[in-house]
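Asker: This is the structure, below, for whatever I ask next.
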Amino acid sequence: MIQGILICSLVFLSFAIFATIFRLVKGPSAPDRIQALDALGINIISGVAIFSVFIRSTGFFEVILLIGILSFIGTIAFARYIERGVVIERNNSE
Amino acid sequence: MSVIIPSEHIAVLLILIGTIFSFLSAVGLIRLPDIYTRSHALSKGSTMGVLFTLVGTFLFFVLEGFFSIRLFLGIFFVFLTAPVAGHIIVRAAYRSNVPLAKESVQDDLKDVIGLAKENSRNDMEKNPYKL
């Protein structure tokens with residue numbers, strides 16, 4: 001029963017990941033691709049969580065935290081690059 | 001006389017609901033016309049989906065007698081950062097002049113952002129070494 005529900009939710013999740021990969025490849029502009037990359041990171045987080053329930057192991061929780069942090073930092077860096085052309089702004093005025 | 005539901009099934013059901021949320025937001029990601037409407041589908045639906053999934057996982061392992069502070073931190077962090085990331089992507093898209101869909105009715109930010117760009121260009125012409 002539990003295994004069946006988990007496999008069903010993994011199937012849903014892989015459809016979602018395929019949809020975000022489709023948008024990542026096709027997306028007409030660069031912000032579209034960043035948005036798809038962000039969604040891909042979030043979906044991978046829930047995939048890791050489901051897999052750790054599936055094999056009843058608690059060893060993957062650091063992976064969840066790390067993918068969350070790295071995906072957020074990557075999104076912020078890409079968005080700043082698109083908006084202003086630089087990632088890190090230096091304050092050297094006057 | 002009540003039906004006894006094993007509590008692990010509640011956690012697994014939460015996980016199933018979360019993945020259905022993710023799936024629906026991915027359908028929105030494919031079908032909607034431009035980046036602003038896609039962000040509307042994505043940042044809400046995907047955040048809700050991952051939150052349901054992580055809470056289900058957390059509940060599953062709590063019911064097995066294992067309280068994981070790392071997973072709790074992960075839930076907190078994802079819940080905090082996913083809407084912020086959506087907002088920042090859409091702001092970058094608007095400021096880098098990504099066009100709206102043809103079906104859009106009005107664009108309220110056009111006056112404000114256009115005026116601000118004009119002002120900054122005038123400042124640059126007066127004092128080009130300010131940056």
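Following the order of the structure tokens, first chain is A, next is B, and so on, with residues numbered from 1 inside each chain and ligands from 1 in the order they appear.
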List the neighbours of B:Pro99 out to 9 Å using only C-alpha atoms; skip same-chain residues closer than 5 positions along the sequence, and give me the result as a compact mmCIF listing (two decimals) with N, CA and C atoms, in the first residue's frame.
Answerer:
```txt
# COMPACT_ATOMS: atom_id res chain seq x y z
N ASP B 34 3.03 33.49 -21.03
CA ASP B 34 4.28 34.25 -20.86
C ASP B 34 4.83 34.05 -19.46
N ILE B 35 5.97 34.69 -19.17
CA ILE B 35 6.70 34.35 -17.94
C ILE B 35 5.95 34.81 -16.70
N ALA B 93 12.95 39.79 -14.96
CA ALA B 93 12.37 39.65 -16.30
C ALA B 93 11.73 40.96 -16.74
N TYR B 94 11.01 41.62 -15.82
CA TYR B 94 10.36 42.86 -16.22
C TYR B 94 11.39 43.94 -16.53
```
Asker: Counting only C-alpha atoms, collect the residues of chain B whose closest atom lies at most 6 Å from chain A, and write them out as a PyMOL selection string.
Answerer: chain B and resi 16+19+23+26+50+71+74+89+92-93+96
Asker: For B:Ala11, find every residue with an atom within 7 Å (counting only C-alpha atoms), except residues of its own chain fewer than 6 positions away, and show them as a list of chain:residue names.
Answerer: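 That gives B:Gly56, B:Thr57, B:Leu59, B:Phe60.
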Asker: Just checking: using only C-alpha atoms, which residue out of B:Ile69, B:Ile113, B:Phe79, B:Gly28 ends up closest to B:Thr47?
Answerer: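 Between B:Ile69, B:Ile113, B:Phe79, B:Gly28, the residue approaching B:Thr47 most closely is B:Phe79.
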Asker: Per DSSP on the backbone, filter stretch 7-130 of chain B down to the residues in alpha helix (DSSP H) and report them as JSON, numbers by chain.
Answerer: {"B": [7, 8, 9, 10, 11, 12, 13, 14, 15, 16, 17, 18, 19, 20, 21, 22, 23, 24, 25, 26, 27, 28, 29, 30, 31, 35, 36, 37, 38, 39, 40, 41, 42, 43, 44, 45, 46, 47, 48, 49, 50, 51, 52, 53, 54, 55, 56, 57, 58, 59, 60, 61, 62, 63, 69, 70, 71, 72, 73, 74, 75, 76, 77, 78, 79, 80, 81, 82, 83, 84, 85, 86, 87, 88, 89, 90, 91, 92, 93, 94, 95, 109, 110, 111, 112, 113, 114, 115, 116, 117, 118, 119, 120, 121, 122, 123, 124, 125, 126]}
Asker: Restricting the output to C-alpha atoms, write the selected residues as an mmCIF file, in the first residue's frame.
Answerer:
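This went into selection.cif:
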```
data_model
loop_
_atom_site.group_PDB
_atom_site.id
_atom_site.type_symbol
_atom_site.label_atom_id
_atom_site.label_comp_id
_atom_site.auth_asym_id
_atom_site.auth_seq_id
_atom_site.Cartn_x
_atom_site.Cartn_y
_atom_site.Cartn_z
ATOM 1 C CA SER B 7 -0.853 7.009 10.872
ATOM 2 C CA GLU B 8 1.907 6.264 8.387
ATOM 3 C CA HIS B 9 -0.760 6.326 5.692
ATOM 4 C CA ILE B 10 -1.566 9.931 6.568
ATOM 5 C CA ALA B 11 2.057 10.930 5.989
ATOM 6 C CA VAL B 12 2.206 9.075 2.681
ATOM 7 C CA LEU B 13 -1.089 10.645 1.639
ATOM 8 C CA LEU B 14 0.407 14.093 2.347
ATOM 9 C CA ILE B 15 3.290 13.184 0.050
ATOM 10 C CA LEU B 16 0.851 12.161 -2.692
ATOM 11 C CA ILE B 17 -1.077 15.453 -2.360
ATOM 12 C CA GLY B 18 2.188 17.385 -2.585
ATOM 13 C CA THR B 19 3.270 15.677 -5.777
ATOM 14 C CA ILE B 20 -0.143 16.299 -7.317
ATOM 15 C CA PHE B 21 0.355 20.008 -6.541
ATOM 16 C CA SER B 22 3.771 19.875 -8.228
ATOM 17 C CA PHE B 23 2.301 18.111 -11.242
ATOM 18 C CA LEU B 24 -0.445 20.729 -11.663
ATOM 19 C CA SER B 25 2.036 23.574 -11.406
ATOM 20 C CA ALA B 26 4.153 21.859 -14.076
ATOM 21 C CA VAL B 27 1.086 21.721 -16.335
ATOM 22 C CA GLY B 28 0.771 25.463 -15.773
ATOM 23 C CA LEU B 29 4.461 25.855 -16.605
ATOM 24 C CA ILE B 30 3.909 24.247 -19.997
ATOM 25 C CA ARG B 31 0.598 25.746 -21.011
ATOM 26 C CA ILE B 35 6.695 34.354 -17.936
ATOM 27 C CA TYR B 36 4.490 36.402 -15.613
ATOM 28 C CA THR B 37 1.525 34.033 -15.760
ATOM 29 C CA ARG B 38 3.866 31.052 -15.536
ATOM 30 C CA SER B 39 5.358 32.524 -12.397
ATOM 31 C CA HIS B 40 1.839 32.786 -11.008
ATOM 32 C CA ALA B 41 1.354 29.052 -11.517
ATOM 33 C CA LEU B 42 4.836 28.046 -10.504
ATOM 34 C CA SER B 43 5.735 29.936 -7.355
ATOM 35 C CA LYS B 44 2.478 29.138 -5.574
ATOM 36 C CA GLY B 45 1.859 25.586 -6.747
ATOM 37 C CA SER B 46 5.427 24.379 -6.538
ATOM 38 C CA THR B 47 6.033 25.860 -3.084
ATOM 39 C CA MET B 48 2.843 24.265 -1.803
ATOM 40 C CA GLY B 49 3.796 20.937 -3.365
ATOM 41 C CA VAL B 50 7.283 20.758 -1.916
ATOM 42 C CA LEU B 51 5.965 21.898 1.443
ATOM 43 C CA PHE B 52 3.356 19.125 1.563
ATOM 44 C CA THR B 53 5.946 16.570 0.506
ATOM 45 C CA LEU B 54 8.522 17.623 3.090
ATOM 46 C CA VAL B 55 5.940 17.812 5.877
ATOM 47 C CA GLY B 56 4.781 14.317 4.927
ATOM 48 C CA THR B 57 8.337 13.031 5.098
ATOM 49 C CA PHE B 58 8.888 14.769 8.419
ATOM 50 C CA LEU B 59 5.704 13.239 9.818
ATOM 51 C CA PHE B 60 6.645 9.789 8.547
ATOM 52 C CA PHE B 61 9.974 9.810 10.344
ATOM 53 C CA VAL B 62 8.532 11.433 13.476
ATOM 54 C CA LEU B 63 5.996 8.602 13.689
ATOM 55 C CA ILE B 69 16.274 18.905 12.923
ATOM 56 C CA ARG B 70 17.967 19.031 9.516
ATOM 57 C CA LEU B 71 14.743 18.203 7.714
ATOM 58 C CA PHE B 72 12.946 20.791 9.809
ATOM 59 C CA LEU B 73 15.541 23.381 8.798
ATOM 60 C CA GLY B 74 15.088 22.329 5.169
ATOM 61 C CA ILE B 75 11.315 22.857 5.392
ATOM 62 C CA PHE B 76 11.808 26.264 6.979
ATOM 63 C CA PHE B 77 14.396 27.353 4.423
ATOM 64 C CA VAL B 78 12.415 26.217 1.383
ATOM 65 C CA PHE B 79 9.276 27.855 2.698
ATOM 66 C CA LEU B 80 11.222 31.079 3.236
ATOM 67 C CA THR B 81 13.118 31.222 -0.050
ATOM 68 C CA ALA B 82 10.876 29.827 -2.793
ATOM 69 C CA PRO B 83 8.493 32.829 -2.982
ATOM 70 C CA VAL B 84 11.432 35.243 -2.776
ATOM 71 C CA ALA B 85 13.082 33.516 -5.722
ATOM 72 C CA GLY B 86 9.876 33.758 -7.752
ATOM 73 C CA HIS B 87 9.570 37.473 -7.022
ATOM 74 C CA ILE B 88 13.188 38.188 -7.936
ATOM 75 C CA ILE B 89 13.004 36.260 -11.220
ATOM 76 C CA VAL B 90 9.900 38.150 -12.306
ATOM 77 C CA ARG B 91 11.438 41.490 -11.333
ATOM 78 C CA ALA B 92 14.556 40.713 -13.381
ATOM 79 C CA ALA B 93 12.366 39.646 -16.297
ATOM 80 C CA TYR B 94 10.361 42.862 -16.217
ATOM 81 C CA ARG B 95 13.420 45.071 -15.977
ATOM 82 C CA LEU B 109 4.278 49.225 -14.006
ATOM 83 C CA LYS B 110 5.040 50.697 -17.420
ATOM 84 C CA ASP B 111 4.734 54.350 -16.342
ATOM 85 C CA VAL B 112 6.728 53.971 -13.137
ATOM 86 C CA ILE B 113 9.610 51.880 -14.481
ATOM 87 C CA GLY B 114 9.839 53.881 -17.718
ATOM 88 C CA LEU B 115 10.075 57.142 -15.742
ATOM 89 C CA ALA B 116 12.758 55.727 -13.453
ATOM 90 C CA LYS B 117 14.823 54.554 -16.431
ATOM 91 C CA GLU B 118 14.526 57.990 -18.054
ATOM 92 C CA ASN B 119 15.699 59.689 -14.857
ATOM 93 C CA SER B 120 18.681 57.405 -14.430
ATOM 94 C CA ARG B 121 19.673 57.967 -18.060
ATOM 95 C CA ASN B 122 19.569 61.747 -17.482
ATOM 96 C CA ASP B 123 21.752 61.322 -14.401
ATOM 97 C CA MET B 124 24.221 59.278 -16.408
ATOM 98 C CA GLU B 125 24.436 61.984 -19.060
ATOM 99 C CA LYS B 126 25.071 64.689 -16.472
#
```
Asker: What does the structure give for the distance between atom CA of A:Leu37 and atom CA of A:Val25, in Å to one decimal?
Answerer: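 One can read the atom CA of A:Leu37 to atom CA of A:Val25 distance as 10.2 Å.
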